[in-house]
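So this one's start-v8.txt, compact mmCIF, C-alpha atoms:
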```txt
# COMPACT_ATOMS: atom_id res chain seq x y z
CA MET A 1 -53.78 45.19 7.96
CA LYS A 2 -56.02 43.82 10.72
CA ARG A 3 -57.41 46.22 13.30
CA GLY A 4 -55.85 44.30 16.20
CA LEU A 5 -52.41 44.51 14.63
CA VAL A 6 -52.81 48.26 14.06
CA VAL A 7 -53.65 48.74 17.73
CA VAL A 8 -50.62 46.73 18.82
CA ILE A 9 -48.32 48.80 16.59
CA LEU A 10 -49.76 52.07 17.88
CA LEU A 11 -49.39 50.92 21.49
CA ALA A 12 -45.78 49.92 20.80
CA ILE A 13 -45.02 53.37 19.37
CA VAL A 14 -46.69 55.08 22.34
CA ALA A 15 -44.72 52.88 24.74
CA LEU A 16 -41.46 53.64 22.93
CA THR A 17 -42.15 57.38 23.01
CA ALA A 18 -43.08 57.25 26.70
CA CYS A 19 -39.92 55.33 27.54
CA ARG A 20 -37.78 57.85 25.67
CA SER A 21 -39.56 60.71 27.44
CA VAL A 22 -38.64 59.33 30.86
CA LEU A 23 -35.05 58.32 30.16
CA ASN A 24 -34.21 60.93 27.53
CA PRO A 25 -36.73 63.82 27.67
CA ILE A 26 -38.10 64.87 24.28
CA LYS A 27 -40.24 67.79 25.42
CA GLY A 28 -38.87 71.30 25.92
CA ASN A 29 -39.42 74.83 24.72
CA ALA A 30 -37.18 74.95 21.67
CA VAL A 31 -37.93 74.91 17.97
CA ILE A 32 -35.21 72.67 16.55
CA ASP A 33 -34.01 73.02 12.97
CA TRP A 34 -33.18 69.39 12.27
CA VAL A 35 -30.76 68.27 9.57
CA ASP A 36 -31.63 65.18 7.54
CA PHE A 37 -30.12 62.30 9.52
CA VAL A 38 -30.77 58.72 10.54
CA LYS A 39 -29.02 56.72 13.27
CA ILE A 40 -28.64 53.01 12.54
CA ASN A 41 -26.39 50.43 14.25
CA GLN A 42 -24.89 53.15 16.44
CA LYS A 43 -23.77 55.11 13.35
CA THR A 44 -25.17 58.53 12.42
CA TYR A 45 -25.80 59.03 8.71
CA MET A 46 -26.44 62.33 6.93
CA GLY A 47 -28.69 62.74 3.89
CA LEU A 48 -26.87 63.48 0.64
CA HIS A 49 -28.53 66.30 -1.26
CA GLU A 50 -25.92 66.67 -4.00
CA ALA A 51 -25.93 63.02 -5.04
CA VAL A 52 -28.27 60.37 -6.44
CA LEU A 53 -27.75 56.75 -7.39
CA ALA A 54 -26.46 56.28 -10.91
CA ASP A 55 -28.32 52.96 -11.06
CA PRO A 56 -31.12 52.08 -8.61
CA ALA A 57 -30.19 48.40 -9.04
CA ALA A 58 -27.20 49.13 -6.79
CA VAL A 59 -29.58 49.09 -3.80
CA LEU A 60 -29.66 45.58 -2.34
CA LEU A 61 -33.30 45.28 -1.33
CA ASP A 62 -32.70 41.92 0.33
CA ARG A 63 -30.10 43.44 2.68
CA VAL A 64 -31.88 45.59 5.28
CA VAL A 65 -29.35 47.23 7.62
CA GLY A 66 -31.87 48.88 9.89
CA LYS A 67 -35.31 50.42 10.33
CA VAL A 68 -36.52 53.80 11.61
CA ALA A 69 -38.11 53.51 15.06
CA PHE A 70 -38.66 57.18 15.96
CA GLN A 71 -39.07 60.38 13.91
CA VAL A 72 -37.79 63.37 15.87
CA SER A 73 -38.98 66.30 13.72
CA ASP A 74 -42.10 68.03 15.06
CA VAL A 75 -41.91 65.83 18.18
CA VAL A 76 -38.64 66.58 19.98
CA THR A 77 -38.48 70.11 21.41
CA ASN A 78 -35.79 69.53 24.03
CA PRO A 79 -32.42 70.78 22.69
CA GLU A 80 -30.67 68.45 25.16
CA TYR A 81 -32.25 65.36 23.59
CA ARG A 82 -29.67 62.69 22.73
CA THR A 83 -30.38 60.83 19.51
CA GLN A 84 -30.66 57.06 19.80
CA ASP A 85 -30.44 54.07 17.50
CA GLY A 86 -33.43 54.07 15.16
CA ASP A 87 -33.94 57.87 15.28
CA ALA A 88 -34.41 59.84 12.07
CA ALA A 89 -35.16 63.48 11.39
CA PHE A 90 -37.64 63.13 8.55
CA LEU A 91 -37.92 59.46 7.57
CA ALA A 92 -41.19 57.90 8.70
CA VAL A 93 -41.34 55.26 11.41
CA GLY A 94 -40.91 51.84 9.81
CA THR A 95 -38.76 53.08 6.90
CA GLU A 96 -36.16 50.45 5.99
CA LEU A 97 -32.53 51.32 5.20
CA PHE A 98 -30.79 49.14 2.62
CA LYS A 99 -27.22 48.21 1.83
CA VAL A 100 -25.71 49.66 -1.36
CA LYS A 101 -23.56 47.56 -3.69
CA GLY A 102 -19.87 48.41 -3.38
CA TYR A 103 -20.16 49.70 0.18
CA GLU A 104 -19.44 46.63 2.30
CA ASP A 105 -18.58 48.90 5.24
CA GLN A 106 -22.12 50.30 5.08
CA SER A 107 -20.76 53.84 4.85
CA LEU A 108 -23.51 54.49 2.30
CA ILE A 109 -27.09 53.27 2.73
CA ALA A 110 -30.38 54.02 0.97
CA ALA A 111 -34.05 54.47 1.82
CA LYS A 112 -36.96 54.23 -0.62
CA ASP A 113 -38.30 57.67 -1.50
CA ASP A 114 -40.76 58.27 -4.36
CA ARG A 115 -39.84 61.97 -4.39
CA SER A 116 -36.17 61.30 -5.14
CA ILE A 117 -34.66 60.71 -8.58
CA HIS A 118 -34.47 56.94 -9.21
CA GLY A 119 -36.63 56.32 -6.13
CA PHE A 120 -34.06 56.32 -3.33
CA ARG A 121 -32.67 58.79 -0.82
CA LEU A 122 -28.98 58.31 0.04
CA TYR A 123 -27.36 58.56 3.47
CA GLN A 124 -23.63 58.64 4.14
CA VAL A 125 -22.03 57.91 7.50
CA ASN A 126 -21.13 61.09 9.36
CA ASP A 127 -17.39 60.56 9.52
CA PRO A 128 -14.63 63.06 8.61
CA ASP A 129 -12.76 60.25 6.84
CA PHE A 130 -15.54 60.00 4.25
CA GLN A 131 -15.75 62.78 1.69
CA HIS A 132 -19.26 63.98 0.90
CA MET A 133 -19.96 64.54 -2.78
CA LYS A 134 -19.84 68.21 -3.74
CA PHE A 135 -20.29 69.68 -7.19
CA LYS A 136 -17.01 71.57 -6.82
CA ASP A 137 -15.22 68.20 -6.82
CA LEU A 138 -16.77 67.05 -10.10
CA GLU A 139 -14.15 66.24 -12.76
CA ALA A 140 -15.70 67.43 -16.00
CA VAL A 141 -13.66 65.05 -18.15
CA LYS A 142 -15.26 62.07 -16.39
CA VAL A 143 -18.87 63.07 -17.10
CA LYS A 144 -20.49 60.52 -19.42
CA ARG A 145 -24.11 61.69 -19.39
CA ILE A 146 -26.22 64.56 -18.05
CA GLU A 147 -29.93 64.41 -17.29
CA ILE A 148 -32.26 67.35 -16.65
CA TYR A 149 -35.30 66.80 -14.44
CA GLN A 150 -38.24 68.99 -13.58
CA ASP A 151 -38.09 69.75 -9.85
CA ALA A 152 -41.77 70.12 -9.00
CA GLY A 153 -42.45 67.00 -6.97
CA SER A 154 -42.64 64.74 -10.03
CA ASN A 155 -38.93 64.56 -10.98
CA GLU A 156 -39.97 64.25 -14.62
CA LEU A 157 -37.03 63.60 -16.95
CA LEU A 158 -36.97 66.45 -19.47
CA HIS A 159 -33.76 66.00 -21.43
CA LYS A 160 -30.60 63.90 -21.76
CA ILE A 161 -27.21 65.13 -22.95
CA GLN A 162 -25.06 62.24 -24.15
CA ASP A 163 -22.73 63.52 -26.86
CA GLY A 164 -19.24 64.60 -25.82
CA PRO A 165 -19.14 68.20 -27.12
CA ASN A 166 -22.45 69.16 -25.50
CA ILE A 167 -21.53 67.44 -22.23
CA GLN A 168 -18.34 69.49 -22.18
CA LYS A 169 -20.12 72.75 -23.03
CA PHE A 170 -22.87 72.22 -20.45
CA THR A 171 -20.39 71.34 -17.70
CA ASP A 172 -18.13 74.27 -18.60
CA LEU A 173 -21.07 76.68 -18.19
CA PHE A 174 -21.59 75.46 -14.61
CA VAL A 175 -17.89 75.61 -13.78
CA ALA A 176 -17.65 79.16 -15.17
CA GLY A 177 -20.80 80.17 -13.28
CA SER A 178 -19.34 78.97 -9.97
CA LYS A 179 -16.57 81.56 -10.34
CA THR A 180 -18.83 84.58 -10.84
CA PRO A 181 -19.89 87.05 -8.09
CA GLU A 182 -22.71 86.02 -5.77
CA TYR A 183 -26.14 86.53 -7.34
CA VAL A 184 -29.36 87.67 -5.64
CA PRO A 185 -32.39 86.09 -7.39
CA ASP A 186 -35.14 88.40 -8.62
CA GLN A 187 -38.39 87.55 -6.77
CA THR A 188 -40.53 90.35 -8.27
CA GLN A 189 -42.03 88.01 -10.86
CA GLY A 190 -42.98 85.29 -8.38
CA ASP A 191 -41.37 81.99 -7.46
CA SER A 192 -38.48 80.67 -9.49
CA ILE A 193 -38.76 77.55 -11.65
CA TYR A 194 -36.48 74.75 -10.45
CA TYR A 195 -34.72 71.92 -12.26
CA GLN A 196 -32.38 69.15 -11.15
CA MET A 197 -29.18 68.50 -13.10
CA VAL A 198 -27.61 65.04 -12.70
CA PHE A 199 -24.02 64.46 -13.87
CA TYR A 200 -23.12 60.78 -14.36
CA THR A 201 -19.56 59.50 -14.20
CA ASP A 202 -18.42 55.90 -13.62
CA GLN A 203 -19.25 56.07 -9.90
CA VAL A 204 -22.14 54.45 -8.02
CA MET A 205 -23.33 57.95 -7.15
CA ALA A 206 -24.02 60.74 -9.63
CA TYR A 207 -23.62 64.44 -8.85
CA LYS A 208 -26.87 66.38 -8.51
CA ILE A 209 -27.32 70.13 -8.46
CA SER A 210 -30.39 72.36 -8.50
CA LEU A 211 -30.79 74.95 -11.27
CA ALA A 212 -33.36 77.74 -10.98
CA TYR A 213 -34.79 80.41 -13.28
CA ASP A 214 -36.22 83.61 -11.80
CA GLY A 215 -37.55 85.03 -15.06
CA LYS A 216 -34.34 86.91 -15.82
CA HIS A 217 -31.43 84.62 -15.06
CA TYR A 218 -30.62 80.98 -14.45
CA TYR A 219 -28.77 80.44 -11.18
CA PHE A 220 -27.51 77.70 -8.91
CA SER A 221 -25.99 77.39 -5.45
CA PRO A 222 -22.80 75.36 -5.04
CA GLY A 223 -22.32 77.03 -1.65
CA GLU A 224 -23.03 80.64 -2.63
CA THR A 225 -25.66 81.51 -5.25
CA HIS A 226 -24.30 82.25 -8.74
CA ALA A 227 -25.91 83.32 -11.99
CA ILE A 228 -25.07 81.18 -14.99
CA SER A 229 -24.74 82.23 -18.63
CA GLN A 230 -27.99 82.44 -20.60
CA GLU A 231 -26.36 79.97 -23.01
CA ILE A 232 -27.60 77.24 -20.67
CA GLU A 233 -31.11 77.92 -22.00
CA GLN A 234 -30.39 75.98 -25.19
CA PHE A 235 -30.31 72.78 -23.11
CA ILE A 236 -33.47 73.47 -21.08
CA PRO A 237 -36.65 72.17 -22.78
CA LYS A 238 -39.39 74.74 -23.16
CA ARG A 239 -42.49 73.94 -21.13
CA GLY A 240 -45.88 74.43 -22.80
```
Representation of the structure as structure tokens:
Amino acid sequence: MKRGLVVVILLAIVALTACRSVLNPIKGNAVIDWVDFVKINQKTYMGLHEAVLADPAAVLLDRVVGKVAFQVSDVVTNPEYRTQDGDAAFLAVGTELFKVKGYEDQSLIAAKDDRSIHGFRLYQVNDPDFQHMKFKDLEAVKVKRIEIYQDAGSNELLHKIQDGPNIQKFTDLFVAGSKTPEYVPDQTQGDSIYYQMVFYTDQVMAYKISLAYDGKHYYFSPGETHAISQEIEQFIPKRG
């Protein structure tokens, strides 16, 4: 990128921020705990953290629905700030949002994200008429494949479960675990090891849930934190 163009872009960002500061003050004295959102075409979308794309080809890269113009995290400290079109909590300025196949109403959109499984982060319109994917709603009989990923920034695929009996057993262990008393992870041995479990059905989105191991028990958090049977260990590849 040419130096002159860089300067123009920086000046445009400064001008945009200054304009917002005058008309919609961004500075205050509050530390704001932002949720993962983006506002595009006058619609507010929330990041989906219990779902990933079943097939990244469902993202229509030639159909850009909007672009992030302003990142509010670490900048906005005025709790009275009113979010505007192009605002996002954590997506970088310039990030493009794409249409997803099967969602002509644009109730679901996607942004490229190298840290996410399959390379995209999903956002669903913040509307009570649209049900957000939750693991508790997963129908075990519809699961066709399960993938286990290392959750350490790399999202390395560790294992696939594709045969019916093991899919059923693995899913049953999670369902049974969700009905046990709340569990308090043991932190005496250091940080837990985290994995991502992805449950594929016939939908565009697959269910995702985080599994952790604290050195004594495996546990997960579908709302409250629950320990899961040690039987789950037979499906978790040993790391050298």
Region 72-81 of chain A surroundings by all atoms listed in the file, 12 Å radius, close-in-sequence under 3 positions cut, as a CSV table (one decimal) with C-alpha atoms, in the frame of the given file:
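selection.csv, freshly written:
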```
chain,number,residue,atom,x,y,z
A,17,THR,CA,-42.2,57.4,23.0
A,20,ARG,CA,-37.8,57.8,25.7
A,21,SER,CA,-39.6,60.7,27.4
A,22,VAL,CA,-38.6,59.3,30.9
A,23,LEU,CA,-35.0,58.3,30.2
A,24,ASN,CA,-34.2,60.9,27.5
A,25,PRO,CA,-36.7,63.8,27.7
A,26,ILE,CA,-38.1,64.9,24.3
A,27,LYS,CA,-40.2,67.8,25.4
A,28,GLY,CA,-38.9,71.3,25.9
A,29,ASN,CA,-39.4,74.8,24.7
A,30,ALA,CA,-37.2,75.0,21.7
A,31,VAL,CA,-37.9,74.9,18.0
A,32,ILE,CA,-35.2,72.7,16.6
A,33,ASP,CA,-34.0,73.0,13.0
A,34,TRP,CA,-33.2,69.4,12.3
A,35,VAL,CA,-30.8,68.3,9.6
A,36,ASP,CA,-31.6,65.2,7.5
A,37,PHE,CA,-30.1,62.3,9.5
A,38,VAL,CA,-30.8,58.7,10.5
A,39,LYS,CA,-29.0,56.7,13.3
A,68,VAL,CA,-36.5,53.8,11.6
A,69,ALA,CA,-38.1,53.5,15.1
A,84,GLN,CA,-30.7,57.1,19.8
A,85,ASP,CA,-30.4,54.1,17.5
A,86,GLY,CA,-33.4,54.1,15.2
A,87,ASP,CA,-33.9,57.9,15.3
A,88,ALA,CA,-34.4,59.8,12.1
A,89,ALA,CA,-35.2,63.5,11.4
A,90,PHE,CA,-37.6,63.1,8.6
A,91,LEU,CA,-37.9,59.5,7.6
A,92,ALA,CA,-41.2,57.9,8.7
A,93,VAL,CA,-41.3,55.3,11.4
```
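Relative to CA of Arg63 (chain A), CA of Lys208 (chain A) is found at 25.7 Å.
The two atoms in question, CA of Glu50 (chain A) and CA of Asp105 (chain A), are spaced 21.3 Å apart.
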**Prompt:** With distances taken over all atoms listed in the file, which of A:Val100, A:Met205, A:Ser116, A:Ile228 is nearest to Ala51 (chain A)?
**Reply:** A:Met205
**Request:** Fewer than 6 positions away in the same chain doesn't count, so skip those; otherwise give me all residues within 12 Å of Asp172 (chain A), counting all atoms listed in the file, as a VMD selection string.
**Result:** chain A and resid 138 to 141 143 165 to 166 178 to 179 228 to 229 231 to 232
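You can rank A:Tyr213, A:Tyr103, A:Phe98, A:Phe170 by their closest distance to Arg121 (chain A) using all atoms listed in the file, and at the top of that list sits A:Phe98.
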**Request:** Considering all atoms listed in the file, return as a PyMOL selection string whatever protein or nucleic-acid residues lie within 9 Å of Phe220 (chain A), sequence-local ones (same chain, fewer than 5 positions apart) excluded.
**Result:** chain A and resi 174+177-178+209-213+225-228
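Around Ile109 (chain A), within 7 Å and counting all atoms listed in the file, the residues found are A:Leu97, A:Phe98, A:Lys99, A:Val100, A:Leu122, A:Tyr123, A:Gln124, once anything fewer than 5 positions away on its own chain is removed.
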Write to file, as a CSV table (one decimal), in the coordinates of the input, the residues of the selection just made, with C-alpha atoms.
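Saved the output as selection-v6.csv:
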```csv
chain,number,residue,atom,x,y,z
A,97,LEU,CA,-32.5,51.3,5.2
A,98,PHE,CA,-30.8,49.1,2.6
A,99,LYS,CA,-27.2,48.2,1.8
A,100,VAL,CA,-25.7,49.7,-1.4
A,122,LEU,CA,-29.0,58.3,0.0
A,123,TYR,CA,-27.4,58.6,3.5
A,124,GLN,CA,-23.6,58.6,4.1
```
Under the rule of at most 6 Å, produce a per-residue listing of region 127-157 of chain A near region 187-195 of chain A: chain, number, name, the closest pair of atoms, and the distance in Å, as a Markdown table, using all atoms listed in the file.
```
| residue | atom | partner | partner_atom | distance |
| --- | --- | --- | --- | --- |
| A:Tyr149 | CA | A:Tyr195 | CA | 5.6 |
| A:Gln150 | CA | A:Tyr195 | CA | 4.8 |
| A:Asp151 | CA | A:Tyr195 | CA | 4.7 |
```
**Request:** Tell me which of A:Gln106, A:Thr171, A:Thr95, A:Gln42 sits closest to Phe235 (chain A), counting all atoms listed in the file.
**Result:** A:Thr171
**Prompt:** Between A:Lys67, A:Lys142, A:His159, A:Lys216, which has the minimum distance to Gln196 (chain A) (counting all atoms listed in the file)?
**Reply:** A:His159
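One distance worth recording is that between CA of Leu53 (chain A) and CA of His118 (chain A), which is 7.0 Å.
Counting all atoms listed in the file and comparing A:Gly164, A:Gly66, A:Gly47, A:Pro56, the residue that lies closest to Ile117 (chain A) is A:Pro56.
With all atoms listed in the file as the atoms that count, the residue of A:Ile167, A:Val65, A:Val175, A:Ile236 with the shortest distance to Ser221 (chain A) is A:Val175.
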Please, can region 206-226 of chain A be completed to N, CA and C atoms and returned as a short mmCIF file (atom, residue, chain, number, x, y, z; two decimals), in the frame of the given file?
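Generated file (out-v2.cif):
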```
data_model
loop_
_atom_site.label_atom_id
_atom_site.label_comp_id
_atom_site.auth_asym_id
_atom_site.auth_seq_id
_atom_site.Cartn_x
_atom_site.Cartn_y
_atom_site.Cartn_z
N ALA A 206 -24.13 59.67 -8.64
CA ALA A 206 -24.02 60.74 -9.63
C ALA A 206 -24.19 62.08 -8.92
N TYR A 207 -23.53 63.10 -9.44
CA TYR A 207 -23.62 64.44 -8.85
C TYR A 207 -24.95 65.08 -9.23
N LYS A 208 -25.59 65.71 -8.26
CA LYS A 208 -26.87 66.38 -8.51
C LYS A 208 -26.77 67.84 -8.04
N ILE A 209 -27.30 68.73 -8.86
CA ILE A 209 -27.32 70.13 -8.46
C ILE A 209 -28.61 70.78 -8.96
N SER A 210 -29.14 71.68 -8.17
CA SER A 210 -30.39 72.36 -8.50
C SER A 210 -30.10 73.60 -9.34
N LEU A 211 -30.87 73.76 -10.40
CA LEU A 211 -30.79 74.95 -11.27
C LEU A 211 -32.14 75.65 -11.20
N ALA A 212 -32.11 76.97 -11.09
CA ALA A 212 -33.36 77.74 -10.98
C ALA A 212 -33.39 78.86 -12.02
N TYR A 213 -34.60 79.29 -12.35
CA TYR A 213 -34.79 80.41 -13.28
C TYR A 213 -35.78 81.38 -12.67
N ASP A 214 -35.36 82.62 -12.47
CA ASP A 214 -36.22 83.61 -11.80
C ASP A 214 -36.94 84.53 -12.77
N GLY A 215 -36.91 84.20 -14.05
CA GLY A 215 -37.55 85.03 -15.06
C GLY A 215 -36.57 85.93 -15.78
N LYS A 216 -35.38 86.08 -15.20
CA LYS A 216 -34.34 86.91 -15.82
C LYS A 216 -33.05 86.13 -16.02
N HIS A 217 -32.68 85.36 -15.00
CA HIS A 217 -31.43 84.62 -15.06
C HIS A 217 -31.60 83.20 -14.53
N TYR A 218 -30.78 82.30 -15.04
CA TYR A 218 -30.62 80.98 -14.45
C TYR A 218 -29.55 81.09 -13.37
N TYR A 219 -29.75 80.37 -12.26
CA TYR A 219 -28.77 80.44 -11.18
C TYR A 219 -28.73 79.13 -10.42
N PHE A 220 -27.65 78.92 -9.71
CA PHE A 220 -27.51 77.70 -8.91
C PHE A 220 -26.67 78.04 -7.68
N SER A 221 -26.61 77.08 -6.75
CA SER A 221 -25.99 77.39 -5.45
C SER A 221 -25.02 76.30 -5.00
N PRO A 222 -23.83 76.27 -5.55
CA PRO A 222 -22.80 75.36 -5.04
C PRO A 222 -22.09 76.00 -3.86
N GLY A 223 -22.83 76.22 -2.77
CA GLY A 223 -22.32 77.03 -1.65
C GLY A 223 -23.02 78.37 -1.73
N GLU A 224 -22.39 79.36 -2.38
CA GLU A 224 -23.03 80.64 -2.63
C GLU A 224 -23.88 80.53 -3.89
N THR A 225 -24.78 81.50 -4.08
CA THR A 225 -25.66 81.51 -5.25
C THR A 225 -24.98 82.27 -6.39
N HIS A 226 -24.96 81.65 -7.58
CA HIS A 226 -24.30 82.25 -8.74
C HIS A 226 -25.22 82.22 -9.94
#
```
